[in-house]
Amino acid sequence: MTVRALLIEDDDTIAEPLVEGLGRYGLMVGHVGTGAAGLEGPYGDIVLLDLGLPDMDGIDVCRRIRQVSDVPIIMLTARGEEADRVLGLELGADDYLAKPFSMRELIARIRAVTRRTQRTATATATTTATATAADPTLTATPPAAPASAAVQPPPREQEPLVVDRRTHQVWVGGTPVTLTPKEFELLALLTEDPGAVYSRQQILDRVWDPHFHGPTKTLDVHVATLRRKLGDPAWIQTLRGVGFRLAVHPGVPSGVPSGMPGMPGVPEAARP
């Protein structure tokens, strides 16, 4: 299957060789030179996004794309600072490639990201098909949400979050989410009191160690990864200069699998 890519890059001396080189590897590439043009789409199967755009910051373009689409995004930029990488990942980018880079490395990143996306889509489709077969009253395709729902935090009402401390398992909308031990501990801590703000130091003391002396950006990277795995960045909210909190679900969740703990209105950490 041919991969369709949207390249958002204002520098033609960079964009033209990229379009040509990616084409040699079998990709169909559309190219635009501004963030506004990129937001118009179509996004294709993957977006290659430069951060240094003339009309708006690429970080803002990433945020606005992620509000309306789950298309994979790889950031291509000369910015090498860790803070930029972390912010891009927090906002939903799937990978980050600093300039200069080789065509072979870019192709390898594209293949890796699209493989992950295809596996996730296949797993979701299989889970849905299995649930539908077990209960014919379930529909394989949920009703489409209004366009405005895509940009409204907190997370979508039809996808409740359940954290089972006893079995160390997590579900979003009935779909299991695989987390590392540290990611699970971080999420479990936030679910202890949904809506309450935990400071960075509180989280590092509880999830890592009271005597942790590593880089505090470790926490930002874990939060960014956790947001991506949960499928909606709005689950974990950042209060700048204060800390992090788990979003309180305003609606009554539906579709919690049988036997799973859940409480209407809030994400829940299951009791032993």
# chains A, B, ... in the order shown; residues from 1 in each chain; ligands from 1
>>> residues_around(residues="stretch 64-75 of chain A", least_positions_apart="4", cutoff="8 Å", atoms="only C-alpha atoms", output="list in words")
Leu39, Tyr43, Gly44, Asp45, Ile46, Val47, Leu48, Leu49, Asp50, Leu51, Asp60, Gly88, Leu91, Gly92, Ala93, Asp94, Asp95, Tyr96, Leu97, Ile110, Val113, Thr114, Thr117, Ala150 and Val151 of chain A
>>> write_last_selection(atoms="N, CA and C atoms", output="CSV table (one decimal), in the first residue's frame")
chain,number,residue,atom,x,y,z
A,39,LEU,N,-2.9,22.9,7.7
A,39,LEU,CA,-4.1,22.6,8.5
A,39,LEU,C,-5.3,22.4,7.6
A,43,TYR,N,-4.4,15.3,5.2
A,43,TYR,CA,-3.2,14.9,6.0
A,43,TYR,C,-2.6,13.7,5.4
A,44,GLY,N,-3.4,12.8,4.7
A,44,GLY,CA,-2.8,11.6,4.2
A,44,GLY,C,-2.6,10.6,5.3
A,45,ASP,N,-1.6,9.8,5.2
A,45,ASP,CA,-1.3,8.7,6.2
A,45,ASP,C,-0.3,9.2,7.2
A,46,ILE,N,0.4,10.3,7.0
A,46,ILE,CA,1.4,10.8,7.9
A,46,ILE,C,1.7,12.2,7.6
A,47,VAL,N,2.0,13.0,8.6
A,47,VAL,CA,2.4,14.4,8.4
A,47,VAL,C,3.8,14.6,8.9
A,48,LEU,N,4.6,15.2,8.0
A,48,LEU,CA,6.0,15.6,8.3
A,48,LEU,C,6.0,17.1,8.5
A,49,LEU,N,6.2,17.5,9.7
A,49,LEU,CA,5.9,18.9,10.1
A,49,LEU,C,7.2,19.6,10.6
A,50,ASP,N,7.5,20.7,9.9
A,50,ASP,CA,8.6,21.6,10.3
A,50,ASP,C,8.1,22.6,11.4
A,51,LEU,N,8.9,22.9,12.4
A,51,LEU,CA,8.5,23.8,13.5
A,51,LEU,C,8.7,25.2,13.1
A,60,ASP,N,2.1,24.8,17.4
A,60,ASP,CA,0.7,25.2,17.3
A,60,ASP,C,-0.1,24.4,16.2
A,88,GLY,N,6.5,19.0,22.0
A,88,GLY,CA,5.9,18.4,20.8
A,88,GLY,C,5.3,17.0,21.0
A,91,LEU,N,2.0,17.3,23.0
A,91,LEU,CA,0.9,17.8,22.2
A,91,LEU,C,0.5,16.7,21.2
A,92,GLY,N,1.1,15.6,21.1
A,92,GLY,CA,0.6,14.5,20.3
A,92,GLY,C,1.5,14.1,19.1
A,93,ALA,N,2.7,14.7,19.0
A,93,ALA,CA,3.6,14.2,17.9
A,93,ALA,C,4.0,12.8,18.2
A,94,ASP,N,4.2,12.0,17.1
A,94,ASP,CA,4.6,10.6,17.3
A,94,ASP,C,6.1,10.4,17.3
A,95,ASP,N,6.8,11.3,16.7
A,95,ASP,CA,8.3,11.2,16.7
A,95,ASP,C,8.9,12.6,16.4
A,96,TYR,N,10.2,12.7,16.6
A,96,TYR,CA,10.9,14.0,16.5
A,96,TYR,C,12.2,13.7,15.8
A,97,LEU,N,12.5,14.4,14.7
A,97,LEU,CA,13.8,14.2,14.0
A,97,LEU,C,14.4,15.5,13.8
A,110,ILE,N,9.5,6.9,9.5
A,110,ILE,CA,8.1,6.8,8.9
A,110,ILE,C,7.6,5.4,8.9
A,113,VAL,N,6.6,4.5,12.6
A,113,VAL,CA,5.4,5.1,13.1
A,113,VAL,C,4.2,4.5,12.4
A,114,THR,N,4.3,4.3,11.1
A,114,THR,CA,3.1,3.8,10.4
A,114,THR,C,2.8,2.3,10.8
A,117,THR,N,0.9,2.5,14.1
A,117,THR,CA,-0.4,3.0,13.8
A,117,THR,C,-1.3,1.9,13.3
A,150,ALA,N,-14.7,17.2,19.0
A,150,ALA,CA,-13.3,16.9,18.7
A,150,ALA,C,-12.3,17.9,19.4
A,151,VAL,N,-12.8,19.1,19.7
A,151,VAL,CA,-11.9,20.1,20.2
A,151,VAL,C,-12.3,20.5,21.6
>>> atom_distance(atom1="atom CA of A:Val29", atom2="atom CA of A:Met103")
14.1 Å
>>> select_by_dssp(residues="stretch 68-109 of chain A", states="alpha helix (DSSP H)", output="MDAnalysis selection string")
chainID A and resid 68 82:90 103:109
>>> atom_distance(atom1="atom CA of A:Ala112", atom2="atom CA of A:Asp10")
25.3 Å
>>> residues_around(residues="A:Leu53", least_positions_apart="3", cutoff="9 Å", atoms="only C-alpha atoms", output="list in words")
Ile8, Glu9, Asp10, Asp11, Gly33, Thr34, Gly35, Asp50, Met56, Asp57 and Gly58 of chain A
>>> write_last_selection(atoms="N, CA and C atoms", output="PDB file, in the first residue's frame")
ATOM      1  N   ILE A   8       4.913  19.679   5.555  1.00  0.00           N
ATOM      2  CA  ILE A   8       4.686  21.093   5.853  1.00  0.00           C
ATOM      3  C   ILE A   8       6.058  21.708   6.132  1.00  0.00           C
ATOM      4  N   GLU A   9       6.625  22.355   5.133  1.00  0.00           N
ATOM      5  CA  GLU A   9       7.999  22.872   5.196  1.00  0.00           C
ATOM      6  C   GLU A   9       8.095  24.107   4.301  1.00  0.00           C
ATOM      7  N   ASP A  10       8.556  25.220   4.860  1.00  0.00           N
ATOM      8  CA  ASP A  10       8.583  26.465   4.093  1.00  0.00           C
ATOM      9  C   ASP A  10       9.849  26.650   3.268  1.00  0.00           C
ATOM     10  N   ASP A  11      10.907  25.927   3.587  1.00  0.00           N
ATOM     11  CA  ASP A  11      12.181  26.073   2.882  1.00  0.00           C
ATOM     12  C   ASP A  11      12.219  25.139   1.674  1.00  0.00           C
ATOM     13  N   GLY A  33       3.783  25.116   2.175  1.00  0.00           N
ATOM     14  CA  GLY A  33       4.836  25.915   2.789  1.00  0.00           C
ATOM     15  C   GLY A  33       4.434  26.716   4.007  1.00  0.00           C
ATOM     16  N   THR A  34       3.173  26.605   4.440  1.00  0.00           N
ATOM     17  CA  THR A  34       2.716  27.354   5.614  1.00  0.00           C
ATOM     18  C   THR A  34       1.891  26.465   6.527  1.00  0.00           C
ATOM     19  N   GLY A  35       1.792  26.886   7.782  1.00  0.00           N
ATOM     20  CA  GLY A  35       0.985  26.134   8.721  1.00  0.00           C
ATOM     21  C   GLY A  35      -0.487  26.169   8.364  1.00  0.00           C
ATOM     22  N   ASP A  50       7.524  20.728   9.894  1.00  0.00           N
ATOM     23  CA  ASP A  50       8.620  21.603  10.314  1.00  0.00           C
ATOM     24  C   ASP A  50       8.093  22.558  11.381  1.00  0.00           C
ATOM     25  N   MET A  56       2.989  30.602  11.514  1.00  0.00           N
ATOM     26  CA  MET A  56       2.664  30.178  12.872  1.00  0.00           C
ATOM     27  C   MET A  56       3.676  29.140  13.322  1.00  0.00           C
ATOM     28  N   ASP A  57       3.772  28.946  14.624  1.00  0.00           N
ATOM     29  CA  ASP A  57       4.711  27.970  15.160  1.00  0.00           C
ATOM     30  C   ASP A  57       4.230  26.563  14.838  1.00  0.00           C
ATOM     31  N   GLY A  58       5.164  25.707  14.444  1.00  0.00           N
ATOM     32  CA  GLY A  58       4.803  24.338  14.131  1.00  0.00           C
ATOM     33  C   GLY A  58       4.199  23.603  15.314  1.00  0.00           C
TER      34      GLY A  58
END
>>> residues_around(residues="stretch 228-232 of chain A", least_positions_apart="3", cutoff="9 Å", atoms="only C-alpha atoms", output="JSON, numbers by chain")
{"A": [70, 89, 90, 91, 92, 93, 94, 154, 155, 156, 161, 171, 172, 177, 178, 179, 223, 224, 225, 235, 236]}
>>> residues_around(residues="stretch 193-205 of chain A", least_positions_apart="4", cutoff="6 Å", atoms="only C-alpha atoms", output="list in words")
Asp209, Pro210, Val242, Gly243, Phe244, Arg245, Leu246, Ala247 and Val248 of chain A
>>> write_last_selection(atoms="N, CA and C atoms", output="tab-separated table (two decimals), in the first residue's frame")
chain	number	residue	atom	x	y	z
A	209	ASP	N	11.41	8.31	43.52
A	209	ASP	CA	12.06	8.11	44.81
A	209	ASP	C	12.20	9.48	45.48
A	210	PRO	N	12.02	9.55	46.81
A	210	PRO	CA	12.19	10.83	47.49
A	210	PRO	C	13.58	11.43	47.32
A	242	VAL	N	2.65	24.58	38.25
A	242	VAL	CA	2.03	23.94	39.42
A	242	VAL	C	2.25	22.44	39.39
A	243	GLY	N	1.73	21.77	38.36
A	243	GLY	CA	1.89	20.32	38.27
A	243	GLY	C	0.91	19.71	37.29
A	244	PHE	N	0.46	18.49	37.59
A	244	PHE	CA	-0.40	17.75	36.68
A	244	PHE	C	-1.64	17.25	37.44
A	245	ARG	N	-2.72	17.03	36.69
A	245	ARG	CA	-3.91	16.43	37.28
A	245	ARG	C	-4.63	15.59	36.25
A	246	LEU	N	-5.41	14.63	36.73
A	246	LEU	CA	-6.24	13.82	35.85
A	246	LEU	C	-7.57	14.53	35.64
A	247	ALA	N	-8.00	14.64	34.38
A	247	ALA	CA	-9.25	15.33	34.08
A	247	ALA	C	-10.43	14.59	34.67
A	248	VAL	N	-11.35	15.32	35.26
A	248	VAL	CA	-12.59	14.73	35.76
A	248	VAL	C	-13.56	14.62	34.61
>>> atom_distance(atom1="atom CA of A:Val19", atom2="atom CA of A:Val86")
27.1 Å
>>> decode(residues="stretch 227-241 of chain A", atoms="all heavy atoms", output="mmCIF file, in the first residue's frame")
data_model
loop_
_atom_site.group_PDB
_atom_site.id
_atom_site.type_symbol
_atom_site.label_atom_id
_atom_site.label_comp_id
_atom_site.auth_asym_id
_atom_site.auth_seq_id
_atom_site.Cartn_x
_atom_site.Cartn_y
_atom_site.Cartn_z
ATOM 1 N N ARG A 227 0.005 10.171 27.660
ATOM 2 C CA ARG A 227 -1.071 10.822 26.911
ATOM 3 C C ARG A 227 -1.291 10.151 25.564
ATOM 4 O O ARG A 227 -2.422 9.929 25.137
ATOM 5 C CB ARG A 227 -0.736 12.298 26.704
ATOM 6 C CG ARG A 227 -0.974 13.166 27.942
ATOM 7 C CD ARG A 227 -0.401 14.540 27.750
ATOM 8 N NE ARG A 227 -0.846 15.458 28.787
ATOM 9 C CZ ARG A 227 -0.201 16.562 29.117
ATOM 10 N NH1 ARG A 227 0.916 16.881 28.486
ATOM 11 N NH2 ARG A 227 -0.671 17.353 30.064
ATOM 12 N N ARG A 228 -0.207 9.832 24.884
ATOM 13 C CA ARG A 228 -0.338 9.183 23.573
ATOM 14 C C ARG A 228 -0.991 7.814 23.714
ATOM 15 O O ARG A 228 -1.858 7.440 22.923
ATOM 16 C CB ARG A 228 1.029 9.035 22.906
ATOM 17 C CG ARG A 228 1.644 10.341 22.463
ATOM 18 C CD ARG A 228 2.686 10.118 21.371
ATOM 19 N NE ARG A 228 3.660 9.110 21.732
ATOM 20 C CZ ARG A 228 4.721 9.332 22.489
ATOM 21 N NH1 ARG A 228 4.921 10.516 23.020
ATOM 22 N NH2 ARG A 228 5.585 8.369 22.746
ATOM 23 N N LYS A 229 -0.583 7.053 24.717
ATOM 24 C CA LYS A 229 -1.124 5.707 24.884
ATOM 25 C C LYS A 229 -2.598 5.740 25.276
ATOM 26 O O LYS A 229 -3.361 4.843 24.899
ATOM 27 C CB LYS A 229 -0.308 4.935 25.920
ATOM 28 C CG LYS A 229 1.090 4.545 25.432
ATOM 29 C CD LYS A 229 1.808 3.665 26.442
ATOM 30 C CE LYS A 229 3.153 3.204 25.912
ATOM 31 N NZ LYS A 229 3.853 2.311 26.870
ATOM 32 N N LEU A 230 -3.018 6.740 26.034
ATOM 33 C CA LEU A 230 -4.420 6.858 26.414
ATOM 34 C C LEU A 230 -5.277 7.339 25.259
ATOM 35 O O LEU A 230 -6.509 7.246 25.311
ATOM 36 C CB LEU A 230 -4.571 7.805 27.612
ATOM 37 C CG LEU A 230 -3.951 7.329 28.922
ATOM 38 C CD1 LEU A 230 -4.132 8.388 30.003
ATOM 39 C CD2 LEU A 230 -4.547 6.005 29.376
ATOM 40 N N GLY A 231 -4.644 7.872 24.214
ATOM 41 C CA GLY A 231 -5.376 8.236 23.007
ATOM 42 C C GLY A 231 -6.008 9.606 23.027
ATOM 43 O O GLY A 231 -6.666 10.001 22.067
ATOM 44 N N ASP A 232 -5.825 10.368 24.109
ATOM 45 C CA ASP A 232 -6.396 11.710 24.187
ATOM 46 C C ASP A 232 -5.566 12.517 25.170
ATOM 47 O O ASP A 232 -5.576 12.229 26.369
ATOM 48 C CB ASP A 232 -7.854 11.649 24.648
ATOM 49 C CG ASP A 232 -8.554 12.998 24.531
ATOM 50 O OD1 ASP A 232 -7.852 14.027 24.485
ATOM 51 O OD2 ASP A 232 -9.793 13.030 24.481
ATOM 52 N N PRO A 233 -4.821 13.542 24.690
ATOM 53 C CA PRO A 233 -3.974 14.337 25.587
ATOM 54 C C PRO A 233 -4.744 14.990 26.727
ATOM 55 O O PRO A 233 -4.176 15.311 27.761
ATOM 56 C CB PRO A 233 -3.371 15.399 24.652
ATOM 57 C CG PRO A 233 -3.462 14.823 23.286
ATOM 58 C CD PRO A 233 -4.704 13.973 23.286
ATOM 59 N N ALA A 234 -6.077 15.176 26.561
ATOM 60 C CA ALA A 234 -6.856 15.877 27.580
ATOM 61 C C ALA A 234 -7.031 15.075 28.862
ATOM 62 O O ALA A 234 -7.467 15.626 29.870
ATOM 63 C CB ALA A 234 -8.238 16.248 27.017
ATOM 64 N N TRP A 235 -6.711 13.772 28.856
ATOM 65 C CA TRP A 235 -6.845 12.998 30.091
ATOM 66 C C TRP A 235 -5.954 13.578 31.186
ATOM 67 O O TRP A 235 -6.332 13.637 32.352
ATOM 68 C CB TRP A 235 -6.462 11.537 29.864
ATOM 69 C CG TRP A 235 -7.575 10.654 29.406
ATOM 70 C CD1 TRP A 235 -7.624 9.913 28.254
ATOM 71 C CD2 TRP A 235 -8.818 10.393 30.081
ATOM 72 N NE1 TRP A 235 -8.810 9.219 28.180
ATOM 73 C CE2 TRP A 235 -9.562 9.493 29.284
ATOM 74 C CE3 TRP A 235 -9.373 10.828 31.277
ATOM 75 C CZ2 TRP A 235 -10.819 9.036 29.652
ATOM 76 C CZ3 TRP A 235 -10.633 10.372 31.644
ATOM 77 C CH2 TRP A 235 -11.338 9.482 30.832
ATOM 78 N N ILE A 236 -4.725 13.965 30.834
ATOM 79 C CA ILE A 236 -3.795 14.514 31.831
ATOM 80 C C ILE A 236 -3.570 15.985 31.510
ATOM 81 O O ILE A 236 -3.056 16.315 30.450
ATOM 82 C CB ILE A 236 -2.461 13.747 31.830
ATOM 83 C CG1 ILE A 236 -2.701 12.272 32.142
ATOM 84 C CG2 ILE A 236 -1.499 14.349 32.841
ATOM 85 C CD1 ILE A 236 -1.457 11.416 32.089
ATOM 86 N N GLN A 237 -3.968 16.836 32.438
ATOM 87 C CA GLN A 237 -3.864 18.272 32.229
ATOM 88 C C GLN A 237 -2.635 18.831 32.939
ATOM 89 O O GLN A 237 -2.298 18.399 34.037
ATOM 90 C CB GLN A 237 -5.127 18.974 32.749
ATOM 91 C CG GLN A 237 -6.390 18.516 32.033
ATOM 92 C CD GLN A 237 -7.654 19.095 32.645
ATOM 93 O OE1 GLN A 237 -7.642 19.559 33.780
ATOM 94 N NE2 GLN A 237 -8.742 19.065 31.892
ATOM 95 N N THR A 238 -1.971 19.777 32.273
ATOM 96 C CA THR A 238 -0.809 20.452 32.840
ATOM 97 C C THR A 238 -1.220 21.816 33.370
ATOM 98 O O THR A 238 -1.842 22.595 32.649
ATOM 99 C CB THR A 238 0.294 20.630 31.788
ATOM 100 O OG1 THR A 238 0.679 19.356 31.275
ATOM 101 C CG2 THR A 238 1.516 21.303 32.386
ATOM 102 N N LEU A 239 -0.902 22.094 34.611
ATOM 103 C CA LEU A 239 -1.074 23.432 35.161
ATOM 104 C C LEU A 239 0.313 24.046 35.242
ATOM 105 O O LEU A 239 1.126 23.660 36.090
ATOM 106 C CB LEU A 239 -1.732 23.389 36.547
ATOM 107 C CG LEU A 239 -3.263 23.358 36.527
ATOM 108 C CD1 LEU A 239 -3.743 21.985 36.046
ATOM 109 C CD2 LEU A 239 -3.828 23.670 37.901
ATOM 110 N N ARG A 240 0.575 24.950 34.331
ATOM 111 C CA ARG A 240 1.920 25.504 34.179
ATOM 112 C C ARG A 240 2.425 26.092 35.497
ATOM 113 O O ARG A 240 1.765 26.904 36.133
ATOM 114 C CB ARG A 240 1.904 26.578 33.094
ATOM 115 C CG ARG A 240 3.219 26.686 32.345
ATOM 116 C CD ARG A 240 3.048 27.606 31.158
ATOM 117 N NE ARG A 240 2.480 26.939 30.013
ATOM 118 C CZ ARG A 240 3.162 26.168 29.177
ATOM 119 N NH1 ARG A 240 4.442 25.943 29.397
ATOM 120 N NH2 ARG A 240 2.584 25.621 28.128
ATOM 121 N N GLY A 241 3.608 25.620 35.912
ATOM 122 C CA GLY A 241 4.206 26.110 37.137
ATOM 123 C C GLY A 241 3.644 25.476 38.400
ATOM 124 O O GLY A 241 4.095 25.786 39.501
#
